[in-house]
Every structure is written in structure tokens, then in C-alpha cells.
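my_file-v6.cif (mmCIF, C-alpha atoms (C1' of nucleotides))
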```
data_target
loop_
_atom_site.group_PDB
_atom_site.id
_atom_site.type_symbol
_atom_site.label_atom_id
_atom_site.label_comp_id
_atom_site.auth_asym_id
_atom_site.auth_seq_id
_atom_site.Cartn_x
_atom_site.Cartn_y
_atom_site.Cartn_z
ATOM 1 C CA MET X 1 0.000 0.000 0.000
ATOM 2 C CA PRO X 2 2.026 2.793 1.277
ATOM 3 C CA GLU X 3 4.488 5.062 -0.391
ATOM 4 C CA LEU X 4 5.592 8.510 0.717
ATOM 5 C CA PRO X 5 2.208 10.274 0.258
ATOM 6 C CA GLU X 6 0.291 7.522 2.071
ATOM 7 C CA VAL X 7 2.753 7.349 4.956
ATOM 8 C CA GLU X 8 2.771 11.147 5.193
ATOM 9 C CA THR X 9 -1.041 11.104 5.337
ATOM 10 C CA VAL X 10 -1.057 8.461 8.080
ATOM 11 C CA VAL X 11 1.445 10.503 10.100
ATOM 12 C CA ARG X 12 -0.558 13.724 9.626
ATOM 13 C CA SER X 13 -3.757 11.961 10.662
ATOM 14 C CA LEU X 14 -2.161 10.745 13.906
ATOM 15 C CA ALA X 15 0.070 13.719 14.762
ATOM 16 C CA PRO X 16 -2.655 15.850 16.361
ATOM 17 C CA SER X 17 -3.867 13.148 18.733
ATOM 18 C CA LEU X 18 -1.085 10.668 19.491
ATOM 19 C CA PRO X 19 1.645 12.710 21.231
ATOM 20 C CA GLY X 20 1.121 12.943 24.983
ATOM 21 C CA ARG X 21 -0.601 9.584 25.216
ATOM 22 C CA ARG X 22 0.954 6.796 27.221
ATOM 23 C CA ILE X 23 1.214 3.155 26.208
ATOM 24 C CA ILE X 24 -0.174 1.133 29.099
ATOM 25 C CA ARG X 25 0.700 -2.203 27.507
ATOM 26 C CA ALA X 26 1.152 -3.736 24.069
ATOM 27 C CA GLU X 27 0.565 -7.128 22.453
ATOM 28 C CA PHE X 28 2.286 -8.522 19.378
ATOM 29 C CA LYS X 29 1.209 -11.612 17.503
ATOM 30 C CA SER X 30 3.379 -12.206 14.431
ATOM 31 C CA ARG X 31 7.000 -13.240 14.195
ATOM 32 C CA PHE X 32 7.017 -11.645 10.725
ATOM 33 C CA VAL X 33 5.763 -8.253 11.882
ATOM 34 C CA THR X 34 7.865 -8.242 15.061
ATOM 35 C CA PRO X 35 10.975 -10.316 14.438
ATOM 36 C CA GLY X 36 12.843 -11.243 17.612
ATOM 37 C CA ASP X 37 11.532 -11.323 21.138
ATOM 38 C CA ARG X 38 7.934 -10.105 21.113
ATOM 39 C CA ASP X 39 7.632 -10.111 24.891
ATOM 40 C CA ALA X 40 10.781 -7.990 25.147
ATOM 41 C CA LEU X 41 9.283 -5.552 22.661
ATOM 42 C CA ALA X 42 6.048 -5.409 24.640
ATOM 43 C CA SER X 43 7.833 -4.692 27.907
ATOM 44 C CA ALA X 44 10.121 -2.114 26.248
ATOM 45 C CA VAL X 45 7.175 0.006 25.142
ATOM 46 C CA ALA X 46 4.992 -0.494 28.222
ATOM 47 C CA ASN X 47 4.613 2.690 30.224
ATOM 48 C CA ARG X 48 6.342 4.803 27.581
ATOM 49 C CA THR X 49 4.790 8.129 26.647
ATOM 50 C CA ILE X 50 4.561 9.095 22.975
ATOM 51 C CA SER X 51 6.292 12.415 22.361
ATOM 52 C CA ALA X 52 6.076 12.749 18.578
ATOM 53 C CA ILE X 53 5.334 10.960 15.303
ATOM 54 C CA ARG X 54 7.133 11.624 12.047
ATOM 55 C CA ARG X 55 7.877 10.118 8.657
ATOM 56 C CA HIS X 56 11.306 8.933 7.486
ATOM 57 C CA GLY X 57 10.930 7.806 3.877
ATOM 58 C CA LYS X 58 8.211 5.159 4.081
ATOM 59 C CA PHE X 59 8.954 4.524 7.755
ATOM 60 C CA ILE X 60 6.793 5.857 10.567
ATOM 61 C CA VAL X 61 8.927 6.892 13.514
ATOM 62 C CA ILE X 62 7.088 7.146 16.829
ATOM 63 C CA GLU X 63 9.271 8.955 19.346
ATOM 64 C CA LEU X 64 8.817 7.807 22.930
ATOM 65 C CA ASP X 65 10.080 9.373 26.164
ATOM 66 C CA ARG X 66 12.727 6.673 25.893
ATOM 67 C CA GLY X 67 13.598 5.161 22.510
ATOM 68 C CA HIS X 68 11.738 4.966 19.214
ATOM 69 C CA LEU X 69 9.143 2.709 17.643
ATOM 70 C CA ILE X 70 10.013 2.216 13.985
ATOM 71 C CA VAL X 71 7.049 1.052 11.923
ATOM 72 C CA HIS X 72 7.015 0.073 8.264
ATOM 73 C CA LEU X 73 3.648 -0.636 6.678
ATOM 74 C CA GLY X 74 4.932 -3.042 4.020
ATOM 75 C CA MET X 75 2.254 -3.556 1.367
ATOM 76 C CA THR X 76 -0.913 -3.855 3.428
ATOM 77 C CA GLY X 77 -0.054 -2.381 6.837
ATOM 78 C CA LYS X 78 -2.455 0.004 8.554
ATOM 79 C CA LEU X 79 -1.957 2.003 11.730
ATOM 80 C CA LEU X 80 -5.413 2.778 13.102
ATOM 81 C CA LEU X 81 -6.356 4.846 16.114
ATOM 82 C CA ASP X 82 -9.354 3.583 18.103
ATOM 83 C CA ALA X 83 -10.215 0.753 15.713
ATOM 84 C CA THR X 84 -11.446 -2.685 16.752
ATOM 85 C CA PRO X 85 -8.610 -5.216 16.393
ATOM 86 C CA GLY X 86 -9.463 -7.732 13.656
ATOM 87 C CA THR X 87 -7.953 -11.005 12.397
ATOM 88 C CA HIS X 88 -4.775 -9.336 11.174
ATOM 89 C CA ALA X 89 -4.158 -7.024 14.120
ATOM 90 C CA TYR X 90 -0.582 -8.152 14.769
ATOM 91 C CA GLY X 91 0.228 -5.252 17.070
ATOM 92 C CA VAL X 92 -2.122 -3.644 19.589
ATOM 93 C CA PHE X 93 -1.056 -0.690 21.747
ATOM 94 C CA TYR X 94 -3.430 -0.071 24.643
ATOM 95 C CA LEU X 95 -3.138 3.635 25.457
ATOM 96 C CA ASP X 96 -4.160 5.611 28.539
ATOM 97 C CA ASN X 97 -6.814 7.032 26.234
ATOM 98 C CA GLY X 98 -7.742 4.754 23.344
ATOM 99 C CA VAL X 99 -6.024 2.022 21.358
ATOM 100 C CA LEU X 100 -3.586 2.020 18.436
ATOM 101 C CA VAL X 101 -3.978 -1.008 16.148
ATOM 102 C CA TYR X 102 -1.408 -2.275 13.662
ATOM 103 C CA ASP X 103 -3.243 -4.352 11.056
ATOM 104 C CA ASP X 104 -1.391 -6.096 8.199
ATOM 105 C CA PRO X 105 -2.881 -9.085 6.288
ATOM 106 C CA ARG X 106 0.260 -9.843 4.258
ATOM 107 C CA GLN X 107 2.636 -9.298 7.170
ATOM 108 C CA PHE X 108 5.254 -7.584 5.038
ATOM 109 C CA GLY X 109 5.334 -4.683 7.494
ATOM 110 C CA ARG X 110 7.598 -4.497 10.538
ATOM 111 C CA ILE X 111 7.460 -3.028 14.017
ATOM 112 C CA GLU X 112 10.689 -2.601 15.949
ATOM 113 C CA TYR X 113 11.900 -0.705 18.989
ATOM 114 C CA ALA X 114 15.324 0.896 19.260
ATOM 115 C CA GLN X 115 17.006 3.711 21.143
ATOM 116 C CA GLU X 116 17.984 5.342 17.833
ATOM 117 C CA LEU X 117 17.079 4.729 14.195
ATOM 118 C CA PRO X 118 18.696 1.480 12.973
ATOM 119 C CA ALA X 119 21.595 2.119 10.571
ATOM 120 C CA ARG X 120 19.815 0.628 7.561
ATOM 121 C CA VAL X 121 16.961 3.118 8.111
ATOM 122 C CA ALA X 122 19.135 6.118 8.970
ATOM 123 C CA ARG X 123 21.324 5.536 5.915
ATOM 124 C CA LEU X 124 18.582 5.815 3.302
ATOM 125 C CA GLY X 125 18.853 8.438 0.565
ATOM 126 C CA PRO X 126 17.506 11.984 0.899
ATOM 127 C CA ASP X 127 13.795 12.717 1.116
ATOM 128 C CA PRO X 128 12.540 13.448 -2.419
ATOM 129 C CA LEU X 129 10.620 16.500 -1.171
ATOM 130 C CA ALA X 130 13.706 17.986 0.490
ATOM 131 C CA VAL X 131 16.553 17.107 -1.877
ATOM 132 C CA GLY X 132 17.955 19.923 -4.035
ATOM 133 C CA PHE X 133 18.403 19.654 -7.789
ATOM 134 C CA THR X 134 22.210 19.783 -7.622
ATOM 135 C CA GLU X 135 22.421 16.766 -5.316
ATOM 136 C CA PHE X 136 19.721 14.914 -7.286
ATOM 137 C CA GLU X 137 21.619 15.462 -10.535
ATOM 138 C CA GLN X 138 24.950 14.368 -9.040
ATOM 139 C CA ASP X 139 23.408 11.229 -7.540
ATOM 140 C CA ILE X 140 21.655 10.230 -10.740
ATOM 141 C CA ARG X 141 24.860 10.716 -12.804
ATOM 142 C CA SER X 142 26.797 8.326 -10.566
ATOM 143 C CA ARG X 143 24.340 5.457 -11.025
ATOM 144 C CA ARG X 144 24.692 2.707 -13.538
ATOM 145 C CA GLY X 145 21.364 1.028 -14.234
ATOM 146 C CA VAL X 146 17.901 1.784 -15.477
ATOM 147 C CA ILE X 147 15.873 4.719 -14.145
ATOM 148 C CA LYS X 148 12.742 2.930 -12.862
ATOM 149 C CA PRO X 149 14.520 0.521 -10.461
ATOM 150 C CA LEU X 150 16.700 3.420 -9.330
ATOM 151 C CA LEU X 151 13.620 5.424 -8.317
ATOM 152 C CA LEU X 152 12.485 2.425 -6.254
ATOM 153 C CA ASN X 153 15.890 2.166 -4.547
ATOM 154 C CA GLN X 154 15.447 3.718 -1.105
ATOM 155 C CA ARG X 155 19.189 4.405 -0.853
ATOM 156 C CA PHE X 156 18.817 6.724 -3.845
ATOM 157 C CA LEU X 157 15.745 8.608 -2.600
ATOM 158 C CA ARG X 158 13.626 7.538 0.350
ATOM 159 C CA GLY X 159 9.870 7.278 -0.135
ATOM 160 C CA ILE X 160 9.124 6.634 -3.817
ATOM 161 C CA GLY X 161 7.371 3.347 -4.616
ATOM 162 C CA ASN X 162 5.858 1.681 -7.654
ATOM 163 C CA ILE X 163 2.862 3.974 -8.208
ATOM 164 C CA TYR X 164 4.729 7.258 -7.938
ATOM 165 C CA ALA X 165 7.763 6.040 -9.911
ATOM 166 C CA ASP X 166 5.460 5.274 -12.855
ATOM 167 C CA GLU X 167 3.491 8.511 -12.456
ATOM 168 C CA ALA X 168 6.618 10.679 -12.183
ATOM 169 C CA LEU X 169 8.287 9.068 -15.218
ATOM 170 C CA HIS X 170 5.136 9.643 -17.270
ATOM 171 C CA LYS X 171 4.896 13.262 -16.206
ATOM 172 C CA ALA X 172 8.587 13.744 -17.078
ATOM 173 C CA ARG X 173 8.067 11.888 -20.408
ATOM 174 C CA ILE X 174 10.945 9.488 -19.677
ATOM 175 C CA HIS X 175 10.904 5.809 -20.651
ATOM 176 C CA PRO X 176 11.127 3.619 -17.524
ATOM 177 C CA LYS X 177 14.060 1.670 -19.042
ATOM 178 C CA ALA X 178 16.117 4.774 -19.826
ATOM 179 C CA ALA X 179 19.716 4.634 -18.575
ATOM 180 C CA ALA X 180 19.808 6.806 -15.446
ATOM 181 C CA SER X 181 23.263 8.279 -15.928
ATOM 182 C CA ARG X 182 22.599 9.217 -19.556
ATOM 183 C CA LEU X 183 19.562 11.425 -18.979
ATOM 184 C CA SER X 184 20.105 14.890 -20.403
ATOM 185 C CA ARG X 185 20.176 17.807 -17.972
ATOM 186 C CA GLU X 186 16.773 18.901 -19.243
ATOM 187 C CA ARG X 187 15.251 15.449 -18.708
ATOM 188 C CA THR X 188 16.892 15.173 -15.307
ATOM 189 C CA PHE X 189 15.301 18.471 -14.324
ATOM 190 C CA ARG X 190 11.916 17.396 -15.684
ATOM 191 C CA LEU X 191 12.132 14.240 -13.588
ATOM 192 C CA PHE X 192 13.125 16.205 -10.491
ATOM 193 C CA GLN X 193 10.135 18.520 -10.969
ATOM 194 C CA ALA X 194 7.761 15.660 -11.793
ATOM 195 C CA ILE X 195 8.690 13.743 -8.621
ATOM 196 C CA ASN X 196 8.023 16.841 -6.541
ATOM 197 C CA ASP X 197 4.768 17.716 -8.299
ATOM 198 C CA VAL X 198 3.356 14.193 -8.219
ATOM 199 C CA LEU X 199 4.220 13.574 -4.555
ATOM 200 C CA ARG X 200 2.879 16.957 -3.393
ATOM 201 C CA LEU X 201 -0.357 16.564 -5.344
ATOM 202 C CA ALA X 202 -0.796 13.029 -3.995
ATOM 203 C CA ILE X 203 -0.357 14.287 -0.424
ATOM 204 C CA GLU X 204 -2.987 16.986 -1.104
ATOM 205 C CA HIS X 205 -5.329 14.186 -2.134
ATOM 206 C CA ARG X 206 -4.406 12.149 0.934
ATOM 207 C CA GLY X 207 -2.678 9.353 -0.978
ATOM 208 C CA SER X 208 -3.832 6.610 -3.348
ATOM 209 C CA SER X 209 -6.338 4.001 -2.166
ATOM 210 C CA VAL X 210 -5.884 1.380 -4.881
ATOM 211 C CA SER X 211 -7.366 -1.413 -2.817
ATOM 212 C CA ASP X 212 -7.238 -1.085 0.922
ATOM 213 C CA TYR X 213 -5.052 1.854 1.950
ATOM 214 C CA VAL X 214 -6.529 4.065 4.692
ATOM 215 C CA ASP X 215 -5.030 6.663 7.029
ATOM 216 C CA GLY X 216 -4.912 6.538 10.837
ATOM 217 C CA ALA X 217 -8.597 7.384 11.074
ATOM 218 C CA GLY X 218 -9.633 4.763 8.515
ATOM 219 C CA GLU X 219 -10.176 7.342 5.734
ATOM 220 C CA ARG X 220 -9.364 6.512 2.125
ATOM 221 C CA GLY X 221 -7.317 8.773 -0.156
ATOM 222 C CA SER X 222 -8.447 9.899 -3.604
ATOM 223 C CA PHE X 223 -5.292 10.255 -5.683
ATOM 224 C CA GLN X 224 -6.001 6.919 -7.406
ATOM 225 C CA LEU X 225 -8.641 8.846 -9.371
ATOM 226 C CA LEU X 226 -5.869 11.043 -10.796
ATOM 227 C CA HIS X 227 -3.434 8.288 -11.812
ATOM 228 C CA ARG X 228 -2.374 8.800 -15.419
ATOM 229 C CA VAL X 229 -0.602 5.475 -16.014
ATOM 230 C CA TYR X 230 -0.603 3.261 -12.900
ATOM 231 C CA GLY X 231 -3.308 0.582 -13.191
ATOM 232 C CA ARG X 232 -4.447 1.927 -16.588
ATOM 233 C CA GLU X 233 -3.102 -0.763 -18.942
ATOM 234 C CA GLY X 234 -4.884 -0.622 -22.301
ATOM 235 C CA GLU X 235 -6.669 2.636 -21.470
ATOM 236 C CA PRO X 236 -5.874 5.747 -23.513
ATOM 237 C CA CYS X 237 -3.047 8.037 -22.426
ATOM 238 C CA LEU X 238 -4.611 11.245 -21.123
ATOM 239 C CA GLU X 239 -1.967 13.246 -23.004
ATOM 240 C CA CYS X 240 -1.938 11.594 -26.450
ATOM 241 C CA GLY X 241 -4.562 8.841 -26.534
ATOM 242 C CA ALA X 242 -2.159 5.943 -27.168
ATOM 243 C CA PRO X 243 -2.996 2.839 -25.099
ATOM 244 C CA ILE X 244 -1.032 2.626 -21.845
ATOM 245 C CA ARG X 245 1.330 -0.330 -21.835
ATOM 246 C CA ARG X 246 2.285 -2.595 -18.933
ATOM 247 C CA ILE X 247 5.695 -4.272 -18.862
ATOM 248 C CA VAL X 248 7.740 -5.845 -16.078
ATOM 249 C CA ILE X 249 10.952 -4.175 -14.922
ATOM 250 C CA ALA X 250 12.872 -5.616 -11.980
ATOM 251 C CA GLN X 251 9.884 -7.850 -11.143
ATOM 252 C CA ARG X 252 7.579 -4.864 -10.777
ATOM 253 C CA GLY X 253 4.621 -4.050 -13.004
ATOM 254 C CA THR X 254 5.491 -0.881 -14.906
ATOM 255 C CA HIS X 255 2.954 1.327 -16.661
ATOM 256 C CA TYR X 256 3.891 3.872 -19.313
ATOM 257 C CA CYS X 257 2.771 5.551 -22.511
ATOM 258 C CA PRO X 258 4.752 4.182 -25.472
ATOM 259 C CA ARG X 259 4.180 7.417 -27.407
ATOM 260 C CA CYS X 260 4.875 10.048 -24.725
ATOM 261 C CA GLN X 261 7.746 8.124 -23.130
ATOM 262 C CA ARG X 262 10.079 7.218 -25.997
ATOM 263 C CA ARG X 263 13.395 5.517 -25.463
ATOM 264 C "C1'" DC E 1 29.664 -1.683 -3.697
ATOM 265 C "C1'" DA E 2 25.904 -2.040 -7.093
ATOM 266 C "C1'" DG E 3 22.648 -4.625 -9.454
ATOM 267 C "C1'" DA E 4 19.756 -8.803 -10.258
ATOM 268 C "C1'" DT E 5 16.935 -12.521 -8.299
ATOM 269 C "C1'" DC E 6 14.251 -14.642 -5.059
ATOM 270 C "C1'" DA E 7 11.805 -15.152 -0.708
ATOM 271 C "C1'" DC E 8 8.610 -13.632 2.599
ATOM 272 C "C1'" DC E 9 2.708 -13.558 3.265
ATOM 273 C "C1'" DT E 10 -2.604 -13.250 2.336
ATOM 274 C "C1'" DG E 11 -6.335 -12.186 -0.543
ATOM 275 C "C1'" DC E 12 -8.487 -10.800 -4.625
ATOM 276 C "C1'" DT E 13 -9.363 -11.336 -9.663
ATOM 277 C "C1'" DT E 14 -9.239 -13.879 -13.880
ATOM 278 C "C1'" DG E 15 -9.620 -17.645 -16.884
ATOM 279 C "C1'" DC E 16 -10.427 -22.389 -17.780
ATOM 280 C "C1'" DT O 1 -19.215 -23.488 -8.950
ATOM 281 C "C1'" DG O 2 -14.394 -24.915 -8.370
ATOM 282 C "C1'" DC O 3 -9.705 -24.452 -8.790
ATOM 283 C "C1'" DA O 4 -5.204 -22.849 -10.239
ATOM 284 C "C1'" DA O 5 -2.606 -19.121 -11.714
ATOM 285 C "C1'" DG O 6 -1.443 -14.473 -11.628
ATOM 286 C "C1'" DC O 7 -1.174 -10.230 -9.440
ATOM 287 C "C1'" DA O 8 -0.719 -6.601 -5.567
ATOM 288 C "C1'" DG O 9 1.365 -0.225 -2.520
ATOM 289 C "C1'" DG O 10 7.819 -3.417 -0.192
ATOM 290 C "C1'" DT O 11 12.091 -4.798 1.623
ATOM 291 C "C1'" DG O 12 16.041 -7.761 2.685
ATOM 292 C "C1'" DA O 13 19.152 -11.831 2.096
ATOM 293 C "C1'" DT O 14 22.032 -13.731 -1.077
ATOM 294 C "C1'" DC O 15 24.017 -14.310 -5.181
ATOM 295 C "C1'" DT O 16 27.164 -12.345 -9.121
#
```
Can the structure from this file be put into C-alpha cells for me?
Amino acid sequence: MPELPEVETVVRSLAPSLPGRRIIRAEFKSRFVTPGDRDALASAVANRTISAIRRHGKFIVIELDRGHLIVHLGMTGKLLLDATPGTHAYGVFYLDNGVLVYDDPRQFGRIEYAQELPARVARLGPDPLAVGFTEFEQDIRSRRGVIKPLLLNQRFLRGIGNIYADEALHKARIHPKAAASRLSRERTFRLFQAINDVLRLAIEHRGSSVSDYVDGAGERGSFQLLHRVYGREGEPCLECGAPIRRIVIAQRGTHYCPRCQRR
DNA sequence: CAGATCACCTGCTTGC
DNA sequence: TGCAAGCAGGTGATCT
């Protein structure tokens, strides 16, 4: 489910109400969602007060009075305030006022506790909404492969996923298989702008609810209605009318307009 | 170190 | 209706 705009929307939906609340106790039920000692995790967060919630790439960082909860939503993770825990509620935080439920049918998400951000999380690339063009251009020049997998690489930029990679490449009129380091300066700038525009617009529309994404209050986003290529295989390009094509790049479905995005 | 491939899960849709 | 195959917002381990 969740890429930068969705995670940002979840964080914004929880930020006004979560800080200041105390975790009375917590329960974890999946070795996939909470690798390691689940009882240790539960006792580490018991009695901790939440001081802040923020986004780091696609990670949700919940700052506690001691340590951090680092949550990744995987493909189907949901963090829901005051929801009833269902079959896939693999993490339940009982608060002094309410309950925070982590629900994740596919169990690709993760919940961990650490004093500081783990190195693999801290070392991700810059946030695409904060990076400057000079750094973006330098980084892209130094990379070898194809542009689409590079956009999905969180050590390049943190937060872009499959939907927004396809949407940004279409907006920038760049073929998803284009060689990253050989993009002209003009195309590189178009891509930089397109990433910014697409992500900001998606946040305004509270993310894309393709199947089951919802924010912390259970509300769906609406950006899926504005997708121009993602999930539109065979439908006409909204720019030129050519049918949108779906190919596979790096094991990910990739949607593009063969006329607007020439190699 | 970077890039490619596969593995980890459930659930929904499609086609026979 | 039943069943198998294919597909899905993501990362991380393990190869080369």
C-alpha cells in the first residue's frame, strides 16, 4: 500500500492526537511483523509516553520518552487509532486514552523498537521533497542502471514506490528503461520537478487508495482517481490517446505511454 | 559496492 | 461453482 504520500497522510492523521498519550501495555502476535523477542518488545514500550510521530521515507517513527518505535507498513499495513482489532491485528497498543492497532494481512510490514534509528533506516537516501536539484543530478549521474529501479531504490531517494515512480516518469516523459546516468540535464530536471509535483499533489489528495489503503482514522485517499498510467493498462493516455502499456521491470509491473515516453 | 533474483505472506481477480 | 494461476502499494538476504 504505502508510499511517501500515504505514509505522510497516516502521520498527519495521527500527529494531532497521538503525542502525549501513554502506552499502558502492548501485544504482538506475528514473528514476521515483530521479528525477535515479542515479549521484550512489549515490555520495552509499556509505560512509555509518545512524544512525537514523524515520517522517514516510508517509515513511521514514533518517538517515545525513551527510545523509538520504527514502523514500516509493508504492502498492506495500517496504523489505526481507536479501531477494533481484527484477524490481522498483529500489534495492539493499549493507550491511557484509546487504542492504536497495527493491522497487516500480508505481514510484510515491521514493528521494531530501538534507542535510535537502525543504521539501515538512517542511511537511506535523501527525502525526495527535500533534496535539491544539484544533489539529485549528481546522484543520478553516478548510477549505472535503469531509471525505474533506481527510483524504487530507497538508498537513492527515500519514499518513492511503484505507483509514484510510474506517475513521475510519465509526467517527465521518460521511458522507464532509460539509462539513469545518460539522462540529459533537461530530462533530469523534468524528472526532479515531476517527482516533486506528483508527490505533493498526492499528499494533497491524501494518498492513493488502490485497494485497501486508509489513514490513521480509517479514511481513504483519492489520488487513485488522478493516476495517469498506474493501473491503466490498455486505457488511452490522457496526453496523447495511445494505449497505456504494462511491462515488467525488476519484477515490478510498470505502466507507461509508449508514445509520450520514448526511449 | 551495485545490481539482479528470489523469498517472505494473504487475498483478490481472472480464466479455464 | 471450483480451482489454479497471476497479481498486488515493499524490503532484505544472497548471489554475481
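Interatomic distance, atom CA of X:Leu150 against atom CA of X:Thr188: 13.2 Å.
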Within 9 Å of chain X, which residues of chain E come that close, and what is the closest atom pair and distance in Å for each? Count only C-alpha atoms (C1' of nucleotides) and give it as JSON lines.
```
{"residue": "E:DA2", "atom": "C1'", "partner": "X:Arg144", "partner_atom": "CA", "distance": 8.1}
{"residue": "E:DG3", "atom": "C1'", "partner": "X:Gly145", "partner_atom": "CA", "distance": 7.5}
{"residue": "E:DA4", "atom": "C1'", "partner": "X:Ala250", "partner_atom": "CA", "distance": 7.8}
{"residue": "E:DT5", "atom": "C1'", "partner": "X:Ala250", "partner_atom": "CA", "distance": 8.8}
{"residue": "E:DC8", "atom": "C1'", "partner": "X:Phe108", "partner_atom": "CA", "distance": 7.3}
{"residue": "E:DC9", "atom": "C1'", "partner": "X:Arg106", "partner_atom": "CA", "distance": 4.6}
{"residue": "E:DT10", "atom": "C1'", "partner": "X:Arg106", "partner_atom": "CA", "distance": 4.8}
{"residue": "E:DG11", "atom": "C1'", "partner": "X:Pro105", "partner_atom": "CA", "distance": 8.3}
```
Residues of chain O that approach chain X to 8 Å or less, counting all atoms listed in the file: could you list each one with the shortest pair of atoms and its distance in Å to one decimal, rows by chain and increasing residue number, as a tab-separated table?
```
residue	atom	partner	partner_atom	distance
O:DG9	C1'	X:Met1	CA	2.9
O:DG10	C1'	X:Gly74	CA	5.1
O:DT11	C1'	X:Gly74	CA	7.8
```
Name all residues at most 6 Å from stretch 9-11 of chain X (count only C-alpha atoms (C1' of nucleotides); drop same-chain ones fewer than 2 positions away) and give them as a list of chain:residue names.
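Skipping anything fewer than 2 positions along the chain leaves X:Glu6, X:Val7, X:Ser13, X:Leu14, X:Ala15, X:Arg206, X:Asp215, X:Gly216.
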I'd like the residues picked by the PyMOL selection byres ((chain E and resi 15) around 12) written out as a PyMOL selection string, using the chain letters and numbers from the file.
(chain E and resi 13-14+16) or (chain O and resi 3-6)
Shell around X:Arg190 at 12 Å using all atoms listed in the file, local window under 3 positions removed, as a PyMOL selection string:
chain X and resi 133+136-137+168-174+183-187+193-198
Excluding X:Glu135 and any residue of its chain fewer than 4 positions from it, enumerate the residues within 12 Å of it, using all atoms listed in the file, and give them as a ChimeraX atom specification.
/X:125-128,130-131,139-142,156-157,188-189,192
Output the selection as a PDB file, keeping the file's coordinate frame - C-alpha atoms for each residue.
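New file again-v5.pdb:
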```
ATOM      1  CA  GLY X 125      18.853   8.438   0.565  1.00  0.00           C
ATOM      2  CA  PRO X 126      17.506  11.984   0.899  1.00  0.00           C
ATOM      3  CA  ASP X 127      13.795  12.717   1.116  1.00  0.00           C
ATOM      4  CA  PRO X 128      12.540  13.448  -2.419  1.00  0.00           C
ATOM      5  CA  ALA X 130      13.706  17.986   0.490  1.00  0.00           C
ATOM      6  CA  VAL X 131      16.553  17.107  -1.877  1.00  0.00           C
ATOM      7  CA  ASP X 139      23.408  11.229  -7.540  1.00  0.00           C
ATOM      8  CA  ILE X 140      21.655  10.230 -10.740  1.00  0.00           C
ATOM      9  CA  ARG X 141      24.860  10.716 -12.804  1.00  0.00           C
ATOM     10  CA  SER X 142      26.797   8.326 -10.566  1.00  0.00           C
ATOM     11  CA  PHE X 156      18.817   6.724  -3.845  1.00  0.00           C
ATOM     12  CA  LEU X 157      15.745   8.608  -2.600  1.00  0.00           C
ATOM     13  CA  THR X 188      16.892  15.173 -15.307  1.00  0.00           C
ATOM     14  CA  PHE X 189      15.301  18.471 -14.324  1.00  0.00           C
ATOM     15  CA  PHE X 192      13.125  16.205 -10.491  1.00  0.00           C
TER      16      PHE X 192
END
```
Since I can't run it myself right now, could you work out what the PyMOL selection byres ((chain X and resi 226) around 10) selects here and report it as a VMD selection string?
chain X and resid 167 201 to 202 205 208 222 to 225 227 to 230
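Nearest residue to X:Cys260 among X:Arg220, X:His68, X:His175, X:Arg182 is X:His175, counting all atoms listed in the file.
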Could you jot down the atom CA of X:Gly207 to atom CA of X:Lys78 separation for me, Å, one decimal place?
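Value for the atom CA of X:Gly207-atom CA of X:Lys78 distance: 13.4 Å.
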Using Å and a single decimal, report how far atom CA of X:Gly86 sits from atom CA of X:Pro5.
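We find that atom CA of X:Pro5 and atom CA of X:Gly86 lie 25.3 Å from each other.
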List, as number ranges by chain, every residue that the PyMOL selection byres ((chain X and resi 115-123) around 6) selects in the file provided.
X: 67-68, 114, 124
Will you give me stretch 158-162 of chain X, written with all heavy atoms and laid out as an mmCIF file, in the first residue's frame?
```
data_model
loop_
_atom_site.group_PDB
_atom_site.id
_atom_site.type_symbol
_atom_site.label_atom_id
_atom_site.label_comp_id
_atom_site.auth_asym_id
_atom_site.auth_seq_id
_atom_site.Cartn_x
_atom_site.Cartn_y
_atom_site.Cartn_z
ATOM 1 N N ARG X 158 14.471 8.316 -0.540
ATOM 2 C CA ARG X 158 13.626 7.538 0.350
ATOM 3 C C ARG X 158 12.157 7.959 0.224
ATOM 4 O O ARG X 158 11.831 9.118 0.408
ATOM 5 C CB ARG X 158 14.109 7.659 1.802
ATOM 6 C CG ARG X 158 14.127 9.059 2.393
ATOM 7 C CD ARG X 158 14.576 9.006 3.852
ATOM 8 N NE ARG X 158 14.272 10.204 4.587
ATOM 9 C CZ ARG X 158 15.192 11.094 4.982
ATOM 10 N NH1 ARG X 158 16.457 10.908 4.695
ATOM 11 N NH2 ARG X 158 14.814 12.150 5.670
ATOM 12 N N GLY X 159 11.310 6.995 -0.142
ATOM 13 C CA GLY X 159 9.870 7.278 -0.135
ATOM 14 C C GLY X 159 9.115 6.970 -1.416
ATOM 15 O O GLY X 159 7.901 6.815 -1.391
ATOM 16 N N ILE X 160 9.817 6.910 -2.557
ATOM 17 C CA ILE X 160 9.124 6.634 -3.817
ATOM 18 C C ILE X 160 8.884 5.138 -3.949
ATOM 19 O O ILE X 160 9.775 4.343 -3.662
ATOM 20 C CB ILE X 160 9.941 7.133 -5.022
ATOM 21 C CG1 ILE X 160 10.144 8.644 -4.932
ATOM 22 C CG2 ILE X 160 9.254 6.758 -6.343
ATOM 23 C CD1 ILE X 160 11.049 9.194 -6.017
ATOM 24 N N GLY X 161 7.701 4.749 -4.376
ATOM 25 C CA GLY X 161 7.371 3.347 -4.616
ATOM 26 C C GLY X 161 6.832 3.178 -6.030
ATOM 27 O O GLY X 161 6.998 4.054 -6.880
ATOM 28 N N ASN X 162 6.206 2.056 -6.293
ATOM 29 C CA ASN X 162 5.858 1.681 -7.654
ATOM 30 C C ASN X 162 4.860 2.626 -8.329
ATOM 31 O O ASN X 162 5.010 2.941 -9.499
ATOM 32 C CB ASN X 162 5.322 0.247 -7.673
ATOM 33 C CG ASN X 162 5.571 -0.432 -8.991
ATOM 34 O OD1 ASN X 162 6.608 -0.210 -9.624
ATOM 35 N ND2 ASN X 162 4.613 -1.227 -9.442
#
```
